[in-house]
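Text of coords14.txt, listed as compact mmCIF, C-alpha atoms:
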# COMPACT_ATOMS: atom_id res chain seq x y z
CA MET A 1 -19.11 -51.29 80.65
CA ILE A 2 -18.36 -52.25 84.24
CA LYS A 3 -15.87 -55.12 84.34
CA VAL A 4 -16.54 -58.06 86.68
CA ALA A 5 -14.12 -60.93 87.38
CA PHE A 6 -14.87 -64.24 89.10
CA LYS A 7 -12.69 -66.72 90.97
CA THR A 8 -14.16 -70.08 91.95
CA LEU A 9 -12.50 -72.44 94.41
CA GLY A 10 -13.65 -75.91 95.45
CA CYS A 11 -16.40 -78.11 94.10
CA ARG A 12 -18.54 -78.20 90.98
CA LEU A 13 -21.47 -76.94 92.98
CA ASN A 14 -19.54 -73.70 93.38
CA LEU A 15 -18.83 -73.73 89.64
CA TYR A 16 -22.53 -74.02 88.87
CA GLU A 17 -23.38 -71.14 91.18
CA THR A 18 -20.61 -68.94 89.76
CA ASP A 19 -21.71 -69.69 86.18
CA SER A 20 -25.29 -68.70 86.97
CA ILE A 21 -24.25 -65.50 88.74
CA ALA A 22 -21.78 -64.54 85.99
CA SER A 23 -24.45 -65.10 83.35
CA GLN A 24 -26.74 -62.75 85.28
CA PHE A 25 -24.12 -59.99 85.00
CA SER A 26 -23.54 -60.72 81.32
CA VAL A 27 -27.20 -60.34 80.32
CA ASN A 28 -27.33 -57.07 82.27
CA ASN A 29 -24.55 -55.46 80.22
CA TYR A 30 -21.60 -56.05 82.54
CA GLU A 31 -18.36 -57.20 80.94
CA ILE A 32 -16.99 -60.51 82.29
CA VAL A 33 -13.17 -60.52 82.34
CA ASP A 34 -10.57 -63.01 83.50
CA PHE A 35 -9.69 -62.85 87.19
CA SER A 36 -6.08 -62.07 86.30
CA GLU A 37 -7.14 -58.82 84.61
CA LYS A 38 -7.94 -55.44 86.09
CA ALA A 39 -11.64 -55.26 86.91
CA ASP A 40 -14.07 -52.96 88.71
CA VAL A 41 -15.60 -55.82 90.71
CA TYR A 42 -14.07 -59.08 91.92
CA VAL A 43 -16.25 -61.94 93.15
CA ILE A 44 -14.49 -64.79 95.00
CA ASN A 45 -16.56 -67.94 95.50
CA THR A 46 -14.63 -69.64 98.29
CA CYS A 47 -14.09 -73.15 99.65
CA THR A 48 -13.38 -74.16 103.26
CA VAL A 49 -13.29 -77.97 103.13
CA THR A 50 -9.61 -78.08 104.19
CA ASN A 51 -6.98 -75.75 105.67
CA GLN A 52 -5.43 -75.56 102.21
CA SER A 53 -8.78 -74.42 100.80
CA ASP A 54 -8.91 -71.62 103.39
CA HIS A 55 -5.36 -70.63 102.53
CA LYS A 56 -6.09 -70.47 98.78
CA SER A 57 -9.23 -68.43 99.40
CA ARG A 58 -7.33 -65.92 101.56
CA GLN A 59 -4.61 -65.63 98.92
CA GLU A 60 -7.14 -64.73 96.23
CA ILE A 61 -8.72 -62.11 98.51
CA LYS A 62 -5.33 -60.50 99.12
CA ARG A 63 -4.50 -60.39 95.42
CA VAL A 64 -7.52 -58.29 94.51
CA LYS A 65 -6.24 -54.97 95.85
CA LYS A 66 -2.92 -55.51 94.05
CA LYS A 67 -4.83 -55.59 90.76
CA ASN A 68 -7.08 -52.62 91.51
CA LYS A 69 -7.05 -50.96 94.94
CA ASP A 70 -10.37 -49.26 94.18
CA ALA A 71 -12.17 -52.44 93.08
CA LEU A 72 -15.29 -53.69 94.83
CA THR A 73 -14.47 -57.02 96.50
CA VAL A 74 -17.21 -59.55 97.22
CA VAL A 75 -16.49 -62.82 99.05
CA THR A 76 -19.07 -65.59 99.00
CA GLY A 77 -19.19 -69.39 99.32
CA CYS A 78 -18.38 -71.83 102.10
CA MET A 79 -15.54 -69.84 103.68
CA ALA A 80 -17.83 -66.80 103.75
CA THR A 81 -20.30 -68.92 105.72
CA ASN A 82 -17.73 -70.51 108.04
CA TYR A 83 -15.84 -67.31 108.88
CA LYS A 84 -18.47 -64.69 108.14
CA GLU A 85 -17.89 -62.35 111.09
CA LYS A 86 -14.11 -62.53 110.81
CA LEU A 87 -14.18 -61.76 107.09
CA GLN A 88 -16.55 -58.83 107.67
CA GLU A 89 -13.79 -57.25 109.79
CA ASN A 90 -11.39 -57.36 106.81
CA GLU A 91 -11.12 -53.85 105.36
CA ASP A 92 -10.20 -55.25 101.94
CA ILE A 93 -13.62 -56.92 101.62
CA ASP A 94 -16.70 -54.86 100.80
CA TYR A 95 -19.36 -57.58 101.04
CA VAL A 96 -19.39 -61.02 102.64
CA ILE A 97 -22.28 -63.11 101.30
CA ASP A 98 -22.90 -66.57 102.81
CA ASN A 99 -24.23 -69.60 100.91
CA ASP A 100 -27.81 -69.01 102.03
CA HIS A 101 -27.80 -65.61 100.30
CA LYS A 102 -25.42 -66.29 97.39
CA THR A 103 -28.24 -65.74 94.90
CA THR A 104 -28.20 -62.04 95.90
CA VAL A 105 -24.66 -61.40 94.60
CA PHE A 106 -25.85 -59.67 91.43
CA THR A 107 -28.51 -57.60 93.22
CA VAL A 108 -26.05 -56.45 95.91
CA ILE A 109 -23.36 -55.44 93.39
CA ASP A 110 -25.76 -53.86 90.90
CA SER A 111 -27.37 -51.81 93.68
CA HIS A 112 -23.91 -50.73 94.91
CA GLN A 113 -22.98 -49.54 91.41
CA LYS A 114 -26.17 -47.45 91.39
CA GLY A 115 -25.34 -45.87 94.75
CA GLU A 116 -27.54 -48.03 97.00
CA ILE A 117 -26.01 -50.07 99.82
CA ILE A 118 -28.08 -53.11 100.75
CA SER A 119 -27.36 -56.06 103.02
CA PRO A 120 -27.68 -59.56 101.55
CA ASP A 121 -28.89 -60.74 104.97
CA ASN A 122 -32.09 -58.76 104.47
CA PHE A 123 -33.13 -61.21 101.74
CA GLU A 124 -34.75 -64.58 102.40
CA LYS A 125 -32.60 -67.72 102.27
CA ASN A 126 -32.63 -69.11 98.71
CA LEU A 127 -30.57 -72.18 97.77
CA PHE A 128 -32.01 -72.78 94.31
CA GLY A 129 -32.81 -69.32 92.97
CA TYR A 130 -30.23 -69.54 90.19
CA ASP A 131 -31.22 -68.85 86.60
CA ALA A 132 -30.17 -71.20 83.81
CA ALA A 133 -26.77 -69.90 82.72
CA LYS A 134 -26.52 -68.97 79.05
CA ASP A 135 -23.11 -67.30 79.03
CA THR A 136 -20.78 -69.39 81.19
CA LEU A 137 -17.09 -69.86 81.79
CA HIS A 138 -17.21 -73.54 80.68
CA THR A 139 -18.15 -75.72 77.72
CA ARG A 140 -20.31 -78.02 79.86
CA SER A 141 -23.28 -76.82 81.89
CA PHE A 142 -23.45 -77.56 85.60
CA ILE A 143 -26.93 -78.18 87.02
CA LYS A 144 -27.59 -77.94 90.76
CA ILE A 145 -30.13 -80.53 91.88
CA GLN A 146 -29.45 -80.73 95.61
CA ASP A 147 -27.66 -78.97 98.48
CA GLY A 148 -26.58 -79.85 102.03
CA CYS A 149 -25.91 -83.18 103.76
CA ASN A 150 -27.31 -85.13 106.72
CA ASN A 151 -24.46 -87.62 107.12
CA PHE A 152 -22.26 -85.63 109.53
CA CYS A 153 -19.03 -87.54 108.90
CA THR A 154 -16.63 -86.83 111.75
CA PHE A 155 -14.07 -85.05 109.53
CA CYS A 156 -16.46 -82.91 107.49
CA ILE A 157 -17.54 -79.31 107.94
CA ILE A 158 -19.91 -79.27 104.96
CA PRO A 159 -23.17 -79.71 106.96
CA LYS A 160 -22.19 -76.58 108.90
CA VAL A 161 -21.55 -74.42 105.81
CA ARG A 162 -24.10 -75.97 103.42
CA GLY A 163 -26.79 -77.01 105.90
CA ARG A 164 -29.06 -80.06 105.95
CA ALA A 165 -29.88 -81.99 102.79
CA THR A 166 -32.53 -80.35 100.62
CA SER A 167 -33.60 -81.12 97.05
CA ARG A 168 -34.52 -78.85 94.19
CA PRO A 169 -38.02 -79.47 92.79
CA VAL A 170 -38.06 -81.87 89.82
CA SER A 171 -39.85 -79.36 87.60
CA GLU A 172 -37.13 -76.74 88.18
CA VAL A 173 -34.33 -79.21 87.44
CA LEU A 174 -35.93 -80.35 84.19
CA GLU A 175 -36.72 -76.78 83.12
CA ASN A 176 -33.12 -75.71 83.84
CA ILE A 177 -31.78 -78.53 81.68
CA LYS A 178 -34.20 -77.87 78.83
CA LYS A 179 -33.09 -74.22 78.80
CA VAL A 180 -29.34 -74.89 78.70
CA VAL A 181 -29.86 -77.54 75.99
CA SER A 182 -31.76 -74.91 73.98
CA TYR A 183 -28.78 -72.57 74.54
CA GLY A 184 -26.59 -75.15 72.78
CA PHE A 185 -24.87 -76.95 75.66
CA LYS A 186 -23.95 -80.55 74.80
CA GLU A 187 -22.94 -81.84 78.23
CA ILE A 188 -24.91 -81.53 81.48
CA VAL A 189 -23.19 -82.18 84.82
CA LEU A 190 -25.47 -82.91 87.77
CA THR A 191 -24.10 -81.31 90.94
CA GLY A 192 -24.91 -81.21 94.64
CA VAL A 193 -23.40 -81.98 98.03
CA ASN A 194 -24.90 -85.48 98.35
CA LEU A 195 -26.59 -86.36 95.08
CA GLY A 196 -27.75 -89.82 96.10
CA THR A 197 -30.05 -88.36 98.76
CA TYR A 198 -32.10 -86.44 96.18
CA LYS A 199 -35.82 -86.74 96.95
CA ASP A 200 -38.70 -84.58 95.73
CA VAL A 201 -42.04 -86.11 96.75
CA ASP A 202 -41.89 -89.58 95.12
CA VAL A 203 -38.94 -88.86 92.81
CA ASP A 204 -35.58 -90.12 94.05
CA PHE A 205 -32.19 -89.72 92.37
CA GLU A 206 -32.67 -92.71 90.08
CA LYS A 207 -36.07 -91.52 88.88
CA LEU A 208 -34.77 -87.98 88.40
CA VAL A 209 -31.92 -89.15 86.16
CA GLU A 210 -34.41 -91.27 84.20
CA LYS A 211 -36.56 -88.17 83.60
CA ILE A 212 -33.50 -86.14 82.55
CA LEU A 213 -32.45 -88.80 80.02
CA ALA A 214 -35.93 -88.64 78.49
CA ILE A 215 -35.50 -84.96 77.59
CA PRO A 216 -35.10 -84.71 73.79
CA GLY A 217 -31.93 -83.23 72.33
CA ASP A 218 -28.35 -83.94 71.34
CA PHE A 219 -26.66 -83.85 74.73
CA ARG A 220 -25.13 -86.15 77.30
CA VAL A 221 -25.34 -86.29 81.08
CA ARG A 222 -22.49 -86.62 83.56
CA ILE A 223 -22.84 -87.26 87.28
CA SER A 224 -20.63 -85.21 89.58
CA SER A 225 -19.03 -86.46 92.82
CA ILE A 226 -21.38 -88.79 94.71
CA GLU A 227 -21.40 -90.82 97.92
CA PRO A 228 -21.55 -94.66 97.65
CA ASP A 229 -24.92 -94.76 99.42
CA GLY A 230 -28.43 -93.50 98.75
CA TYR A 231 -29.11 -95.33 95.48
CA SER A 232 -29.70 -98.98 94.60
CA GLU A 233 -27.88 -101.31 92.24
CA SER A 234 -30.74 -100.87 89.75
CA PHE A 235 -29.54 -97.30 89.22
CA PHE A 236 -26.70 -98.55 87.01
CA ARG A 237 -29.12 -99.92 84.41
CA LEU A 238 -29.49 -96.29 83.31
CA PHE A 239 -25.97 -96.36 81.88
CA GLU A 240 -27.32 -98.51 79.04
CA ASN A 241 -28.61 -95.18 77.73
CA PRO A 242 -25.86 -93.58 75.57
CA LYS A 243 -26.78 -90.16 76.96
CA LEU A 244 -25.48 -91.12 80.42
CA THR A 245 -21.68 -91.10 80.46
CA PRO A 246 -19.90 -94.16 81.97
CA HIS A 247 -18.05 -92.32 84.69
CA MET A 248 -18.76 -91.72 88.37
CA HIS A 249 -16.62 -90.13 91.05
CA ILE A 250 -17.65 -92.22 94.07
CA CYS A 251 -16.06 -91.13 97.36
CA LEU A 252 -14.22 -93.94 99.19
CA GLN A 253 -12.13 -91.94 101.74
CA SER A 254 -10.55 -95.10 103.22
CA GLY A 255 -10.23 -98.80 102.42
CA SER A 256 -9.99 -99.67 106.12
CA GLU A 257 -13.20 -100.76 107.86
CA THR A 258 -12.02 -99.41 111.21
CA VAL A 259 -11.10 -96.00 109.77
CA LEU A 260 -14.46 -95.78 108.01
CA LYS A 261 -16.17 -96.43 111.35
CA ARG A 262 -14.21 -93.63 113.01
CA MET A 263 -15.15 -91.39 110.09
CA LYS A 264 -18.84 -92.34 110.63
CA ARG A 265 -19.21 -93.14 106.96
CA MET A 266 -22.53 -94.69 105.89
CA TYR A 267 -21.06 -97.80 104.23
CA THR A 268 -18.37 -100.44 104.67
CA ALA A 269 -15.32 -101.07 102.50
CA LYS A 270 -16.83 -104.45 101.62
CA GLU A 271 -20.06 -102.83 100.40
CA PHE A 272 -18.07 -100.36 98.33
CA GLU A 273 -16.03 -103.18 96.80
CA GLU A 274 -19.14 -105.19 95.91
CA LEU A 275 -20.73 -102.14 94.29
CA ILE A 276 -17.71 -101.53 92.08
CA GLU A 277 -17.42 -105.20 91.15
CA LYS A 278 -21.03 -105.26 89.93
CA VAL A 279 -20.54 -102.09 87.90
CA LYS A 280 -17.34 -103.34 86.27
CA GLU A 281 -18.95 -106.70 85.56
CA ARG A 282 -21.69 -104.95 83.60
CA PHE A 283 -19.52 -102.18 82.09
CA PRO A 284 -15.84 -103.34 81.98
CA HIS A 285 -14.46 -99.92 80.94
CA PHE A 286 -16.60 -97.87 83.33
CA ASN A 287 -14.43 -95.13 84.85
CA ILE A 288 -14.63 -95.12 88.66
CA THR A 289 -12.64 -92.28 90.24
CA THR A 290 -12.56 -91.52 93.95
CA ASP A 291 -11.33 -89.52 96.96
CA VAL A 292 -8.99 -90.91 99.61
CA ILE A 293 -8.08 -89.23 102.91
CA VAL A 294 -4.74 -90.24 104.44
CA GLY A 295 -3.62 -89.59 107.99
CA PHE A 296 -7.06 -89.62 109.61
CA PRO A 297 -6.68 -89.50 113.43
CA GLY A 298 -5.46 -92.84 114.73
CA GLU A 299 -4.73 -94.29 111.27
CA THR A 300 -2.17 -97.04 111.89
CA GLU A 301 0.34 -98.36 109.39
CA ASP A 302 -1.79 -101.49 109.06
CA GLU A 303 -4.96 -99.43 108.37
CA PHE A 304 -3.12 -97.39 105.77
CA ASN A 305 -1.90 -100.59 104.09
CA GLN A 306 -5.51 -101.83 104.00
CA THR A 307 -6.36 -98.75 101.95
CA LEU A 308 -3.43 -99.43 99.61
CA ASP A 309 -4.57 -103.04 99.16
CA PHE A 310 -8.10 -101.83 98.42
CA ILE A 311 -6.82 -99.38 95.79
CA LYS A 312 -4.67 -102.05 94.12
CA LYS A 313 -7.61 -104.44 93.97
CA THR A 314 -10.18 -101.90 92.76
CA LYS A 315 -8.01 -100.20 90.12
CA PHE A 316 -9.51 -96.71 90.12
CA GLY A 317 -9.31 -94.53 87.02
CA HIS A 318 -7.97 -91.72 89.21
CA ILE A 319 -7.71 -90.84 92.91
CA HIS A 320 -7.92 -87.39 94.48
CA THR A 321 -5.69 -87.73 97.54
CA PHE A 322 -6.21 -85.52 100.57
CA LYS A 323 -4.15 -85.25 103.73
CA TYR A 324 -6.55 -85.15 106.68
CA SER A 325 -7.17 -81.52 107.61
CA LEU A 326 -8.43 -80.69 111.08
CA ARG A 327 -11.66 -78.69 110.97
CA LYS A 328 -12.89 -76.98 114.12
CA ASP A 329 -16.33 -77.96 115.40
CA THR A 330 -16.10 -81.46 113.89
CA ARG A 331 -16.01 -84.64 115.96
CA ALA A 332 -12.69 -85.72 114.45
CA GLU A 333 -11.08 -82.68 116.08
CA LYS A 334 -11.55 -84.38 119.45
CA LEU A 335 -10.32 -87.83 118.39
CA PRO A 336 -7.02 -89.03 119.91
CA ASP A 337 -3.76 -89.86 118.12
CA HIS A 338 -3.63 -87.20 115.43
CA ILE A 339 -1.07 -88.01 112.75
CA THR A 340 1.98 -85.82 112.12
CA ASP A 341 2.21 -83.78 108.93
CA LYS A 342 5.36 -85.69 107.96
CA VAL A 343 3.57 -89.05 108.06
CA LYS A 344 0.54 -87.64 106.22
CA THR A 345 2.80 -86.25 103.48
CA THR A 346 4.60 -89.59 103.07
CA ARG A 347 1.34 -91.53 102.87
CA SER A 348 -0.15 -89.02 100.46
CA GLU A 349 2.82 -89.42 98.13
CA ILE A 350 2.49 -93.22 98.17
CA VAL A 351 -1.19 -93.04 97.21
CA ARG A 352 -0.50 -90.40 94.58
CA LYS A 353 2.13 -92.56 92.85
CA LEU A 354 -0.13 -95.60 92.95
CA SER A 355 -2.94 -93.51 91.50
CA GLU A 356 -0.73 -92.31 88.64
CA GLU A 357 0.23 -95.90 87.79
CA GLN A 358 -3.40 -97.03 87.72
CA ARG A 359 -4.55 -93.97 85.78
CA LEU A 360 -1.95 -94.61 83.04
CA LYS A 361 -2.87 -98.31 82.75
CA TYR A 362 -6.56 -97.50 82.59
CA ARG A 363 -6.09 -94.95 79.82
CA GLN A 364 -3.76 -97.24 77.89
CA SER A 365 -6.61 -99.79 77.81
CA PHE A 366 -8.46 -97.46 75.41
CA ILE A 367 -5.89 -97.77 72.63
CA GLY A 368 -7.70 -99.13 69.58
CA LYS A 369 -11.12 -98.21 70.97
CA GLN A 370 -13.61 -95.53 69.97
CA GLN A 371 -14.62 -92.54 72.05
CA THR A 372 -17.07 -89.70 71.51
CA VAL A 373 -15.19 -86.51 72.32
CA LEU A 374 -16.81 -83.16 73.07
CA ILE A 375 -14.41 -80.49 71.80
CA GLU A 376 -13.70 -77.91 74.50
CA ARG A 377 -10.99 -75.87 72.84
CA ILE A 378 -9.04 -75.61 69.60
CA GLU A 379 -5.37 -75.29 70.44
CA ALA A 380 -2.84 -73.14 68.57
CA ASP A 381 -0.63 -76.13 67.70
CA GLY A 382 -3.23 -77.62 65.36
CA TRP A 383 -4.83 -79.98 67.86
CA ALA A 384 -8.32 -79.99 69.33
CA PHE A 385 -8.89 -80.94 72.97
CA GLY A 386 -11.86 -82.37 74.85
CA HIS A 387 -13.09 -85.27 76.96
CA GLY A 388 -14.54 -88.60 75.93
CA GLU A 389 -17.61 -90.17 77.49
CA ASN A 390 -15.43 -91.89 80.13
CA TYR A 391 -14.14 -88.45 81.21
CA ILE A 392 -10.67 -88.99 79.82
CA PRO A 393 -8.81 -86.07 78.14
CA ILE A 394 -8.43 -86.56 74.40
CA LYS A 395 -6.47 -84.73 71.70
CA VAL A 396 -7.33 -85.07 68.02
CA LYS A 397 -5.71 -83.43 65.02
CA ASN A 398 -7.87 -80.44 64.12
CA THR A 399 -9.47 -80.89 60.71
CA ASN A 400 -11.85 -77.95 60.75
CA MET A 401 -13.56 -79.18 63.91
CA LYS A 402 -15.73 -76.89 65.96
CA LYS A 403 -15.85 -76.20 69.67
CA ASN A 404 -18.81 -77.68 71.60
CA GLN A 405 -19.47 -80.41 69.03
CA PHE A 406 -19.33 -84.22 69.33
CA TYR A 407 -16.90 -86.23 67.19
CA LYS A 408 -16.24 -89.96 66.96
CA VAL A 409 -12.54 -90.73 67.29
CA LEU A 410 -10.28 -93.77 67.37
CA VAL A 411 -7.65 -93.79 70.13
CA LYS A 412 -4.17 -94.42 68.69
CA SER A 413 -1.82 -93.83 71.62
CA VAL A 414 -1.34 -92.23 75.04
CA GLU A 415 0.78 -89.14 75.56
CA ASN A 416 2.26 -89.11 79.07
CA SER A 417 4.67 -86.20 78.98
CA GLY A 418 2.57 -83.59 80.82
CA SER A 419 0.69 -83.43 84.10
CA GLU A 420 -1.57 -86.35 83.13
CA PRO A 421 -1.89 -88.98 80.39
CA ILE A 422 -3.87 -87.79 77.35
CA LEU A 423 -5.35 -90.00 74.65
CA ILE A 424 -4.11 -89.19 71.13
CA SER A 425 -6.74 -90.01 68.54
CA GLU A 426 -7.87 -89.55 64.96
CA LEU A 427 -11.29 -88.84 63.48
CA ILE A 428 -13.30 -91.80 62.31

Reformat the file's structure so that it appears as structure tokens.
Amino acid sequence: MIKVAFKTLGCRLNLYETDSIASQFSVNNYEIVDFSEKADVYVINTCTVTNQSDHKSRQEIKRVKKKNKDALTVVTGCMATNYKEKLQENEDIDYVIDNDHKTTVFTVIDSHQKGEIISPDNFEKNLFGYDAAKDTLHTRSFIKIQDGCNNFCTFCIIPKVRGRATSRPVSEVLENIKKVVSYGFKEIVLTGVNLGTYKDVDVDFEKLVEKILAIPGDFRVRISSIEPDGYSESFFRLFENPKLTPHMHICLQSGSETVLKRMKRMYTAKEFEELIEKVKERFPHFNITTDVIVGFPGETEDEFNQTLDFIKKTKFGHIHTFKYSLRKDTRAEKLPDHITDKVKTTRSEIVRKLSEEQRLKYRQSFIGKQQTVLIERIEADGWAFGHGENYIPIKVKNTNMKKNQFYKVLVKSVENSGSEPILISELI
């Protein structure tokens, strides 16, 4: 069997696309192996959202030939779109496949193995031509419902590499979910670039989620990263349904009104604050996580402190902190007063420490409470590991539990000795 290895960088949308492509190889008698192993084909699904993302993608490309100098190397994803011509000049890369043609990865590689060289650019653009993945690299199943974005924030390159916002037909989304549920998946994660903008005829994001929750079966639904605009307050009524997990990663980026204006974000800090207050009032333990960018061009000490005050007041469950990364062909590139790397690093560390403090307090609040954990792996030390409905990592003593099954547990304590706090629990 021909061995194929995959490496995915970046967002959950990339994870969904990799899972679907990998499953295509699996059902066609290719052997899927870990990216660290020697393989005949390596597929790298890249990210280009920051300079660090580019660097990581380049590193993975370089590592391939060290594993097998004769391996077929295929680079796809956002970096393949952003730097397509430059990557095509790289002798270590056999095929560069942009996002518009990512669905051709299997066809291109399979044809190559049979002695036929075809160009992915000869195929029509297809953003949603991904089959429901049966054999994936994850316990949960990612479902792509939308792609692209129309917001054009001044710092963001995503509209360039993912295109304008477009939505997958409702019928295809529902059919995809029904299939993966029939395959045995217990958790569905809705993914896209800007989920809140979903619109297919008269079905918006709220109505789509309502339809998904009506699908019969023993599964739960999780919403991936989402912007704080594009859906109404009435959307949160859906969380009364136990199938919809009480966690959302809502992107803040800055707690300063003036920085948000320079970013050309589609909301104010006050609107974001009011949204979170209403959610927490209805669901006190709802887990709100977020993204924060520090060191945006012109960010003053006072503006940075406004973000810190906002974080302290809002008490996020976790914060992904990013140092502003200059992206060519974005409006922020031309803004004055770019911040030094030293200042960005200092500010990033301050936010990171504050985030860790809030994350620990939030998780400690679950001691004595119940959670429904989906077991993701059985560890060698006699413990089982998974995530609860609030997307918090949980360990429970393994008493003949099975992977990919739900279990009710009681949280007894919080272990904070590793990279992040983990809830220690016992079966109910």

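Between CA of Asn398 (chain A) and CA of Gly382 (chain A) the separation is 5.6 Å.
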
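Interatomic distance, CA of Val189 (chain A) against CA of Val221 (chain A): 6.0 Å.
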
With a cut-off of 12 Å, could you pull out the residues of region 178-229 of chain A touching region 17-41 of chain A and give me the nearest pair of atoms for each, distance in Å to one decimal, using only C-alpha atoms, ordered by chain and ascending number, as a tab-separated table?
residue	atom	partner	partner_atom	distance
A:Val180	CA	A:Ser20	CA	11.1
A:Thr191	CA	A:Glu17	CA	10.2
A:Gly192	CA	A:Glu17	CA	10.8

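Interatomic distance, CA of Phe185 (chain A) against CA of Val4 (chain A): 23.4 Å.
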
Excluding Pro246 (chain A) and residues on its chain fewer than 5 positions from it, collect all residues at most 10 Å away from it, counting all atoms listed in the file, and give them as a list in words.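 Answer for this query is Val221, Arg222, Ile223, Phe236, Leu238, Phe239, Glu240, Asn241, Val279, Phe283, His285, Phe286, Asn287, Ile288, Gly388, Glu389, Asn390 and Tyr391 of chain A.
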
Calculated over all atoms listed in the file, which of the candidates A:Ser425, A:Thr154, A:Ser225, A:Asn176 has the smallest distance to Ala332 (chain A)?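 Closest to Ala332 (chain A) of all the choices is A:Thr154.
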
Enclose all atoms of region 116-126 of chain A listed in the file in an axis-aligned box, grow every side by 5 Å, and hand back centre and edge lengths in Å to one decimal, as JSON.
{"center_x": -30.4, "center_y": -58.6, "center_z": 101.0, "size_x": 18.7, "size_y": 31.1, "size_z": 18.0}

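Taking only C-alpha atoms into account, the protein, DNA and RNA residues within 12 Å of (-39.0, -85.1, 93.3) read Ile145, Gln146, Thr166, Ser167, Arg168, Pro169, Val170, Ser171, Glu172, Val173, Leu174, Thr197, Tyr198, Lys199, Asp200, Val201, Asp202, Val203, Asp204, Phe205, Glu206, Lys207, Leu208, Val209, Glu210 and Lys211 of chain A.
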
Repair of region 296-307 of chain A at the level of N, CA and C atoms, as a PDB file, keeping the file's coordinate frame:
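Saved result, result_20.pdb, follows:
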ATOM      1  N   PHE A 296      -5.936 -89.887 108.713  1.00  0.00           N
ATOM      2  CA  PHE A 296      -7.060 -89.620 109.610  1.00  0.00           C
ATOM      3  C   PHE A 296      -6.631 -89.972 111.031  1.00  0.00           C
ATOM      4  N   PRO A 297      -7.120 -89.234 112.054  1.00  0.00           N
ATOM      5  CA  PRO A 297      -6.680 -89.500 113.430  1.00  0.00           C
ATOM      6  C   PRO A 297      -6.712 -90.979 113.795  1.00  0.00           C
ATOM      7  N   GLY A 298      -5.579 -91.458 114.288  1.00  0.00           N
ATOM      8  CA  GLY A 298      -5.460 -92.840 114.730  1.00  0.00           C
ATOM      9  C   GLY A 298      -5.149 -93.823 113.626  1.00  0.00           C
ATOM     10  N   GLU A 299      -4.999 -93.361 112.367  1.00  0.00           N
ATOM     11  CA  GLU A 299      -4.730 -94.290 111.270  1.00  0.00           C
ATOM     12  C   GLU A 299      -3.376 -94.967 111.464  1.00  0.00           C
ATOM     13  N   THR A 300      -3.399 -96.279 111.681  1.00  0.00           N
ATOM     14  CA  THR A 300      -2.170 -97.040 111.890  1.00  0.00           C
ATOM     15  C   THR A 300      -1.547 -97.400 110.552  1.00  0.00           C
ATOM     16  N   GLU A 301      -0.334 -97.911 110.600  1.00  0.00           N
ATOM     17  CA  GLU A 301       0.340 -98.360 109.390  1.00  0.00           C
ATOM     18  C   GLU A 301      -0.460 -99.486 108.734  1.00  0.00           C
ATOM     19  N   ASP A 302      -1.002-100.367 109.578  1.00  0.00           N
ATOM     20  CA  ASP A 302      -1.790-101.490 109.060  1.00  0.00           C
ATOM     21  C   ASP A 302      -3.065-100.980 108.375  1.00  0.00           C
ATOM     22  N   GLU A 303      -3.738 -99.991 108.968  1.00  0.00           N
ATOM     23  CA  GLU A 303      -4.960 -99.430 108.370  1.00  0.00           C
ATOM     24  C   GLU A 303      -4.650 -98.735 107.047  1.00  0.00           C
ATOM     25  N   PHE A 304      -3.521 -98.041 107.007  1.00  0.00           N
ATOM     26  CA  PHE A 304      -3.120 -97.390 105.770  1.00  0.00           C
ATOM     27  C   PHE A 304      -2.842 -98.429 104.683  1.00  0.00           C
ATOM     28  N   ASN A 305      -2.194 -99.529 105.055  1.00  0.00           N
ATOM     29  CA  ASN A 305      -1.900-100.590 104.090  1.00  0.00           C
ATOM     30  C   ASN A 305      -3.187-101.256 103.587  1.00  0.00           C
ATOM     31  N   GLN A 306      -4.212-101.301 104.437  1.00  0.00           N
ATOM     32  CA  GLN A 306      -5.510-101.830 104.000  1.00  0.00           C
ATOM     33  C   GLN A 306      -6.090-100.958 102.882  1.00  0.00           C
ATOM     34  N   THR A 307      -5.907 -99.651 103.016  1.00  0.00           N
ATOM     35  CA  THR A 307      -6.360 -98.750 101.950  1.00  0.00           C
ATOM     36  C   THR A 307      -5.575 -98.978 100.671  1.00  0.00           C
TER      37      THR A 307
END
